[in-house]
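Trainee: Provided below: start26.cif, containing mmCIF, C-alpha atoms.
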data_input
#
loop_
_atom_site.label_atom_id
_atom_site.label_comp_id
_atom_site.auth_asym_id
_atom_site.auth_seq_id
_atom_site.Cartn_x
_atom_site.Cartn_y
_atom_site.Cartn_z
CA PHE F 1 -47.78 31.38 -41.64
CA LEU F 2 -49.04 28.04 -42.99
CA THR F 3 -45.68 26.36 -42.31
CA PHE F 4 -45.64 27.72 -38.76
CA SER F 5 -49.20 26.44 -38.16
CA VAL F 6 -48.35 22.95 -39.43
CA VAL F 7 -45.24 22.76 -37.24
CA PHE F 8 -47.18 24.03 -34.22
CA ILE F 9 -50.00 21.48 -34.72
CA LEU F 10 -47.54 18.57 -35.20
CA THR F 11 -45.60 19.60 -32.08
CA PHE F 12 -48.84 19.84 -30.09
CA ILE F 13 -49.96 16.37 -31.25
CA TYR F 14 -46.52 14.88 -30.48
CA THR F 15 -46.59 16.40 -27.00
CA ILE F 16 -50.01 14.92 -26.24
CA PHE F 17 -49.23 11.42 -27.45
CA LYS F 18 -45.59 11.27 -26.37
CA GLU F 19 -44.99 8.73 -23.61
CA PRO F 20 -43.51 10.53 -20.56
CA ILE F 21 -40.09 9.62 -19.16
CA TYR F 22 -39.76 9.37 -15.37
CA ASN F 23 -36.68 9.73 -13.23
CA ALA F 24 -35.99 8.30 -9.77
CA SER F 25 -32.90 8.51 -7.58
CA ALA F 26 -31.53 6.53 -4.66
CA THR F 27 -28.49 7.69 -2.70
CA VAL F 28 -25.94 5.43 -1.04
CA SER F 29 -23.05 6.23 1.29
CA VAL F 30 -19.68 4.49 1.13
CA THR F 31 -17.69 4.24 4.35
CA GLU F 32 -14.30 2.93 3.30
CA LYS F 33 -12.72 0.81 6.01
CA LYS F 34 -8.95 1.12 6.31
CA THR F 35 -8.19 -2.58 6.79
CA LEU F 36 -8.58 -3.79 3.20
CA GLY F 37 -7.17 -0.66 1.56
CA LYS F 38 -4.16 -0.83 3.89
CA LEU F 39 -3.65 -4.51 3.08
CA LEU F 40 -3.79 -3.90 -0.67
CA THR F 41 -1.26 -1.10 -0.37
CA GLU F 42 1.14 -2.97 1.94
CA VAL F 43 0.96 -6.42 0.34
CA PHE F 44 0.71 -5.55 -3.37
CA VAL F 45 2.36 -2.10 -3.09
CA VAL F 46 -0.43 -0.55 -5.16
CA SER F 47 -3.03 2.08 -4.53
CA PRO F 48 -6.59 0.74 -4.34
CA GLY F 49 -7.67 3.80 -6.37
CA ASP F 50 -10.63 6.11 -5.92
CA PRO F 51 -13.16 4.03 -3.94
CA LEU F 52 -16.17 6.09 -5.07
CA LEU F 53 -15.22 5.87 -8.75
CA SER F 54 -14.70 2.12 -8.44
CA ARG F 55 -18.07 1.76 -6.72
CA SER F 56 -19.79 3.80 -9.47
CA ARG F 57 -18.56 1.27 -12.02
CA ILE F 58 -19.89 -1.61 -9.93
CA ILE F 59 -23.32 0.08 -9.73
CA LYS F 60 -23.54 0.14 -13.55
CA SER F 61 -22.09 -3.36 -13.96
CA LYS F 62 -23.75 -6.39 -15.54
CA PRO F 63 -23.92 -8.44 -12.29
CA VAL F 64 -25.90 -5.65 -10.59
CA ALA F 65 -28.25 -5.30 -13.58
CA GLU F 66 -28.84 -9.07 -13.70
CA ALA F 67 -29.65 -9.12 -9.97
CA VAL F 68 -32.20 -6.33 -10.51
CA VAL F 69 -33.81 -8.18 -13.41
CA LYS F 70 -34.18 -11.34 -11.33
CA GLU F 71 -35.47 -9.56 -8.22
CA LEU F 72 -38.14 -7.55 -10.07
CA ASN F 73 -38.99 -10.27 -12.64
CA LEU F 74 -38.32 -7.76 -15.41
CA ALA F 75 -37.66 -10.56 -17.92
CA GLY F 76 -40.76 -12.57 -16.93
CA ALA F 77 -41.55 -15.27 -14.38
CA GLN F 78 -39.30 -18.01 -15.81
CA PRO F 79 -36.91 -16.30 -18.22
CA THR F 80 -34.12 -17.96 -20.17
CA GLU F 81 -30.52 -16.90 -19.72
CA ALA F 82 -30.69 -15.07 -23.06
CA GLU F 83 -33.76 -13.12 -21.93
CA ILE F 84 -32.08 -12.20 -18.63
CA LYS F 85 -28.97 -10.95 -20.45
CA ARG F 86 -31.01 -8.96 -22.97
CA THR F 87 -33.14 -7.34 -20.27
CA SER F 88 -30.05 -6.69 -18.14
CA SER F 89 -28.48 -4.75 -21.01
CA GLU F 90 -31.65 -2.65 -21.22
CA VAL F 91 -31.54 -2.01 -17.45
CA GLN F 92 -27.90 -0.96 -17.67
CA ALA F 93 -28.94 1.70 -20.18
CA PHE F 94 -31.45 3.09 -17.64
CA ILE F 95 -28.79 3.57 -14.92
CA SER F 96 -26.42 6.47 -14.37
CA THR F 97 -24.47 7.59 -11.31
CA GLU F 98 -23.15 10.82 -9.87
CA ILE F 99 -20.58 11.21 -7.10
CA ILE F 100 -21.76 14.08 -4.92
CA PRO F 101 -18.72 16.41 -4.53
CA ASN F 102 -16.93 16.56 -1.17
CA THR F 103 -18.98 13.68 0.28
CA ASN F 104 -18.89 9.89 0.43
CA LEU F 105 -22.27 9.73 -1.36
CA ILE F 106 -23.20 8.32 -4.76
CA ARG F 107 -26.56 9.12 -6.35
CA ILE F 108 -28.06 6.36 -8.48
CA ASP F 109 -30.32 7.78 -11.23
CA VAL F 110 -32.77 5.64 -13.21
CA VAL F 111 -34.96 6.71 -16.16
CA HIS F 112 -37.99 4.67 -17.27
CA ARG F 113 -41.44 5.12 -18.78
CA ASP F 114 -43.17 3.51 -15.79
CA PRO F 115 -42.98 5.68 -12.63
CA ARG F 116 -43.38 2.72 -10.25
CA LYS F 117 -40.79 0.63 -12.06
CA THR F 118 -38.41 3.61 -12.11
CA ALA F 119 -38.35 3.86 -8.31
CA ALA F 120 -38.33 0.08 -7.88
CA ILE F 121 -35.36 -0.31 -10.23
CA ALA F 122 -33.42 2.47 -8.47
CA ASN F 123 -33.93 0.83 -5.07
CA ALA F 124 -33.19 -2.65 -6.43
CA VAL F 125 -29.95 -1.33 -7.97
CA ALA F 126 -28.91 0.10 -4.60
CA LYS F 127 -29.62 -3.21 -2.83
CA ALA F 128 -27.88 -5.29 -5.50
CA PHE F 129 -24.90 -2.94 -5.36
CA ILE F 130 -24.52 -3.53 -1.61
CA VAL F 131 -24.41 -7.30 -2.18
CA GLU F 132 -22.01 -7.02 -5.13
CA ASP F 133 -19.73 -4.58 -3.29
CA LEU F 134 -19.39 -7.02 -0.39
CA LYS F 135 -18.57 -9.83 -2.85
CA GLU F 136 -15.87 -7.68 -4.46
CA LYS F 137 -14.39 -6.74 -1.10
CA ASN F 138 -14.25 -10.40 -0.02
CA LYS F 139 -12.71 -11.34 -3.37
CA GLN F 140 -9.92 -8.76 -2.93
CA ALA F 141 -9.31 -9.96 0.63
CA ARG F 142 -9.11 -13.56 -0.62
CA SER F 143 -6.47 -12.54 -3.19
CA VAL F 144 -4.43 -10.88 -0.44
CA ARG F 145 -4.81 -13.90 1.85
CA GLU F 146 -3.72 -16.36 -0.87
CA PHE F 147 -0.72 -14.23 -1.79
CA VAL F 148 0.35 -13.81 1.85
CA GLU F 149 -0.13 -17.56 2.40
CA SER F 150 2.26 -18.37 -0.44
CA ARG F 151 4.81 -15.85 0.81
CA MET F 152 4.61 -17.28 4.33
CA GLY F 153 5.74 -20.66 3.01
CA GLU F 154 8.79 -19.09 1.34
CA ILE F 155 9.77 -16.98 4.35
CA LYS F 156 9.24 -19.91 6.73
CA GLU F 157 11.81 -21.94 4.78
CA ARG F 158 14.27 -19.05 4.84
CA LEU F 159 13.68 -18.59 8.57
CA LYS F 160 14.31 -22.28 9.23
CA THR F 161 17.51 -22.24 7.13
CA SER F 162 18.87 -19.13 8.86
CA GLU F 163 17.99 -20.54 12.29
CA VAL F 164 19.83 -23.80 11.56
CA ALA F 165 22.87 -21.88 10.25
CA LEU F 166 22.99 -19.73 13.40
CA MET F 167 22.63 -22.74 15.71
CA GLU F 168 25.34 -24.62 13.80
CA PHE F 169 27.71 -21.65 14.09
CA ARG F 170 27.06 -21.38 17.84
CA ARG F 171 27.73 -25.11 18.23
CA LYS F 172 31.10 -24.92 16.49
CA GLU F 173 32.31 -21.44 17.44
CA SER F 174 32.26 -19.18 20.47
CA ALA F 175 31.50 -15.51 19.78
CA ALA F 176 30.73 -12.74 22.25
CA GLY F 177 28.27 -11.10 19.85
CA ILE F 178 29.78 -7.64 20.25
CA ALA F 179 29.42 -6.95 16.51
CA VAL F 180 25.65 -7.54 16.53
CA PRO F 181 24.56 -4.20 18.05
CA LEU F 182 27.09 -2.36 15.88
CA GLN F 183 25.74 -4.00 12.72
CA ASN F 184 22.20 -3.09 13.72
CA LYS F 185 23.22 0.51 14.44
CA LEU F 186 25.00 0.71 11.09
CA ILE F 187 21.90 -0.43 9.22
CA GLU F 188 19.76 2.03 11.17
CA LEU F 189 22.08 4.98 10.36
CA GLU F 190 22.38 4.04 6.68
CA SER F 191 18.60 3.86 6.41
CA LYS F 192 18.27 7.26 8.10
CA ARG F 193 20.89 8.72 5.76
CA ALA F 194 19.08 7.43 2.65
CA GLU F 195 15.83 8.94 3.91
CA SER F 196 17.49 12.29 4.75
CA LEU F 197 19.07 12.52 1.29
CA LEU F 198 15.57 12.79 -0.16
CA THR F 199 15.41 16.22 1.48
CA TYR F 200 19.02 17.39 2.02
CA THR F 201 22.25 17.41 0.00
CA GLU F 202 25.55 15.79 0.97
CA LEU F 203 26.74 19.16 2.35
CA HIS F 204 23.93 19.49 4.90
CA PRO F 205 25.14 19.30 8.54
CA ASP F 206 22.78 16.40 9.33
CA ILE F 207 24.16 14.34 6.43
CA ILE F 208 27.75 15.16 7.37
CA LYS F 209 27.08 14.05 10.95
CA LEU F 210 25.47 10.79 9.77
CA ASN F 211 28.43 10.10 7.47
CA GLU F 212 30.82 10.54 10.38
CA GLN F 213 28.79 8.17 12.59
CA ILE F 214 28.59 5.56 9.81
CA GLN F 215 32.32 5.77 9.15
CA GLY F 216 33.09 5.43 12.86
CA ILE F 217 31.05 2.22 13.16
CA LYS F 218 32.62 0.77 9.99
CA GLU F 219 36.09 1.40 11.40
CA ARG F 220 35.16 -0.39 14.63
CA LEU F 221 33.76 -3.35 12.71
CA GLU F 222 36.91 -3.63 10.59
CA LYS F 223 38.91 -4.22 13.77
CA MET F 224 36.76 -7.15 14.82
CA SER F 225 37.47 -10.81 14.09
CA GLU F 226 35.89 -12.70 11.19
CA LYS F 227 34.21 -14.90 13.77
CA GLU F 228 32.37 -11.93 15.35
CA LEU F 229 31.38 -10.51 11.96
CA GLU F 230 30.05 -13.87 10.75
CA PHE F 231 28.08 -14.30 13.96
CA ALA F 232 26.61 -10.78 13.52
CA ARG F 233 25.68 -11.55 9.89
CA LEU F 234 23.94 -14.82 10.75
CA THR F 235 22.13 -13.21 13.68
CA ARG F 236 20.94 -10.32 11.51
CA GLU F 237 19.73 -12.67 8.78
CA PHE F 238 17.78 -14.75 11.31
CA GLU F 239 16.21 -11.67 12.94
CA MET F 240 15.16 -10.20 9.57
CA ASN F 241 13.52 -13.46 8.48
CA GLU F 242 11.78 -13.80 11.85
CA LYS F 243 10.46 -10.24 11.65
CA ALA F 244 9.25 -10.75 8.06
CA TYR F 245 7.43 -13.94 9.04
CA ARG F 246 5.72 -12.31 12.04
CA GLU F 247 4.58 -9.39 9.86
CA LEU F 248 3.16 -11.80 7.28
CA GLU F 249 1.29 -13.63 10.04
CA ASP F 250 -0.35 -10.33 11.02
CA ARG F 251 -1.30 -9.59 7.39
CA TYR F 252 -2.69 -13.12 7.04
CA ARG F 253 -4.97 -12.69 10.07
CA GLU F 254 -6.15 -9.29 8.78
CA ALA F 255 -6.90 -10.76 5.34
CA GLN F 256 -8.82 -13.67 6.90
CA PHE F 257 -10.91 -11.20 8.90
CA ALA F 258 -11.65 -9.05 5.83
CA GLU F 259 -12.49 -12.11 3.72
CA ALA F 260 -14.98 -13.42 6.28
CA GLU F 261 -16.62 -10.04 6.87
CA GLU F 262 -20.36 -10.01 6.13
CA VAL F 263 -21.05 -6.30 6.66
CA SER F 264 -20.89 -4.03 3.62
CA ASP F 265 -19.25 -0.62 3.59
CA VAL F 266 -22.32 0.70 1.73
CA ASN F 267 -25.64 1.95 3.14
CA ILE F 268 -28.76 3.35 1.49
CA VAL F 269 -29.26 6.83 2.93
CA ASP F 270 -32.06 8.06 0.64
CA PRO F 271 -34.21 5.43 -1.14
CA ALA F 272 -36.09 6.29 -4.31
CA SER F 273 -39.81 7.03 -4.09
CA VAL F 274 -42.61 7.07 -6.65
#
Will you turn the file into structure tokens for me?

Mentor:
Amino acid sequence: FLTFSVVFILTFIYTIFKEPIYNASATVSVTEKKTLGKLLTEVFVVSPGDPLLSRSRIIKSKPVAEAVVKELNLAGAQPTEAEIKRTSSEVQAFISTEIIPNTNLIRIDVVHRDPRKTAAIANAVAKAFIVEDLKEKNKQARSVREFVESRMGEIKERLKTSEVALMEFRRKESAAGIAVPLQNKLIELESKRAESLLTYTELHPDIIKLNEQIQGIKERLEKMSEKELEFARLTREFEMNEKAYRELEDRYREAQFAEAEEVSDVNIVDPASV
């Protein structure tokens, strides 16, 4: 009985004098725009990943914590860099996130011993996250733009070379160009066959029909002169380089637009309150 009484009294005293912990939450929505994700996939041939998971990491990142410390003067009026970093690490420990299932919402949770600071930190984190998210989006767009810019230089040289070769051939030789449409049709059928083989076997009627069409075109091309075949090859090479360059121009304009964008994909839908 004595042991129970001592434990009870100590627990009662601890409960009275224990400093309470407060919790505040702010909720943000993420509306992923297709432009940048599409660019990342098409240019780098990679998936941009789960946008909500990536955003959750940004919320708990050091740059966001440092922005919160500076905005709320949590490290004092004129702190040193060391004080900002130390306080930022403490703030990071206060922050947790939860992706609300089947939505585009992320809840930002903050725990602190001061109820007013708890809500203020949660809201400051949400605001700093919006700024940081926009920076990250512009940074990704800049990487795409720089990569596309370098590729445009390479393709432009290839386009110029193929154009000169075609013009030189036309100057020296006379070709009717009858092999050009056949070459294009052959490439189209071979591409269709490769795609169909992902679903069907060689014995499927569609594959057999494509094989017959491909063989028929090859036999017609074999009967044509070297002059016509060379003209078709040079024409095809020029057209492919021209198409590649035009596509890169489109990607470049899209990347420029995304890089210059000043509107974030994130909005605060439910700010924290005291």

Trainee: Going by the chain IDs and residue numbers used in this file, which residues fall under the PyMOL selection byres ((chain F and resi 255) around 8)? Write them as a list in words.

Mentor: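 On the file shown, the PyMOL selection byres ((chain F and resi 255) around 8) covers Leu36, Leu39, Ala141, Arg142, Val144, Arg145, Arg251, Tyr252, Arg253, Glu254, Gln256, Phe257, Ala258 and Glu259 of chain F.
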
Trainee: Would you output that residue set with C-alpha atoms, as a PDB file, in the coordinates of the input?

Mentor:
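Okay, this is what ended up in out_30.pdb:
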ATOM      1  CA  LEU F  36      -8.580  -3.790   3.200  1.00  0.00           C
ATOM      2  CA  LEU F  39      -3.650  -4.510   3.080  1.00  0.00           C
ATOM      3  CA  ALA F 141      -9.310  -9.960   0.630  1.00  0.00           C
ATOM      4  CA  ARG F 142      -9.110 -13.560  -0.620  1.00  0.00           C
ATOM      5  CA  VAL F 144      -4.430 -10.880  -0.440  1.00  0.00           C
ATOM      6  CA  ARG F 145      -4.810 -13.900   1.850  1.00  0.00           C
ATOM      7  CA  ARG F 251      -1.300  -9.590   7.390  1.00  0.00           C
ATOM      8  CA  TYR F 252      -2.690 -13.120   7.040  1.00  0.00           C
ATOM      9  CA  ARG F 253      -4.970 -12.690  10.070  1.00  0.00           C
ATOM     10  CA  GLU F 254      -6.150  -9.290   8.780  1.00  0.00           C
ATOM     11  CA  GLN F 256      -8.820 -13.670   6.900  1.00  0.00           C
ATOM     12  CA  PHE F 257     -10.910 -11.200   8.900  1.00  0.00           C
ATOM     13  CA  ALA F 258     -11.650  -9.050   5.830  1.00  0.00           C
ATOM     14  CA  GLU F 259     -12.490 -12.110   3.720  1.00  0.00           C
TER      15      GLU F 259
END

Trainee: The PyMOL selection byres ((chain F and resi 84) around 12) - which residues does that actually catch in the file I just gave you? List them as a ChimeraX atom specification.

Mentor: /F:62-63,65-83,85-91

Trainee: Please indicate the distance in Å from CA of Val263 (chain F) to CA of Glu32 (chain F), rounded to one decimal place.

Mentor: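 Computed distance, CA of Val263 (chain F) to CA of Glu32 (chain F), equals 11.9 Å.
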
Trainee: Determine the nearest neighbour of Lys243 (chain F) from the options F:Ser196, F:Val30, F:Arg158, F:Pro101, counting all atoms listed in the file.

Mentor: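 For Lys243 (chain F), the nearest of the given residues is F:Arg158.
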
Trainee: Near Glu262 (chain F), within 12 Å and counting all atoms listed in the file, which residues show up once chain neighbours fewer than 6 positions away are dropped, as a PyMOL selection string?

Mentor: chain F and resi 130-138

Trainee: One number please: CA of Asn104 (chain F) to CA of Lys117 (chain F), in Å, one decimal.

Mentor: 26.9 Å

Trainee: Considering all atoms listed in the file, state which residue in the set F:Pro51, F:Ala244, F:Ile108, F:Ala260 is at the smallest distance from Asn123 (chain F).

Mentor: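 Distance minimum relative to Asn123 (chain F) lands on F:Ile108.
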
Trainee: Rounded to one decimal in Å, what is the spacing between CA of Gln183 (chain F) and CA of Val148 (chain F)?

Mentor: 29.3 Å

Trainee: Starting from the PyMOL selection byres ((chain F and resi 150-157) around 9), expand the selection into actual residues of this file and give them as an NGL selection string.

Mentor: :F and (145-149 or 158-162 or 241-242 or 244-245 or 248-249 or 252)

Trainee: Taking only C-alpha atoms into account, name the residue in F:Ala179, F:Leu105, F:Ala122, F:Ala128 that is nearest to Thr31 (chain F).

Mentor: F:Leu105

Trainee: Using only C-alpha atoms, determine which residues lie at most 12 Å from Thr235 (chain F), disregarding the query and same-chain residues fewer than 2 positions distant; provide the list as a ChimeraX atom specification.

Mentor: /F:159,162-170,175,177-181,183-184,228-233,237-242

Trainee: What's the 7 Å shell around Thr27 (chain F), counting only C-alpha atoms, without same-chain residues fewer than 3 positions away, as a list in words?

Mentor: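 Counting only the stated atoms, we get Leu105, Ile106, Arg107, Ile108, Ile268, Val269, Asp270 and Pro271 of chain F.
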
Trainee: Which residue out of F:Lys172, F:Asn102, F:Phe129, F:Ala93 has the minimum interatomic distance to Arg55 (chain F) when all atoms listed in the file are used?

Mentor: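 Distance minimum relative to Arg55 (chain F) lands on F:Phe129.
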
Trainee: Name all residues at most 7 Å from Ile217 (chain F) (count all atoms listed in the file; drop same-chain ones fewer than 3 positions away) and give them as a list in words.

Mentor: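 Using all atoms listed in the file, the neighbours found are Leu182, Leu186, Gln213, Ile214, Arg220 and Leu221 of chain F.
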
Trainee: Ranking F:Thr103, F:Thr97, F:Thr201, F:Ser56 by minimum distance to Ser25 (chain F) and counting only C-alpha atoms, which one comes first?

Mentor: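 Selected residue with least distance to Ser25 (chain F): F:Thr97.
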
Trainee: Identify which of the residues F:Val110, F:Ala124, F:Ile207, F:Met224 lies closest to Glu195 (chain F), counting all atoms listed in the file when measuring atom-to-atom distances.

Mentor: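 Answer, going by the shortest atom-to-atom distance: F:Ile207.
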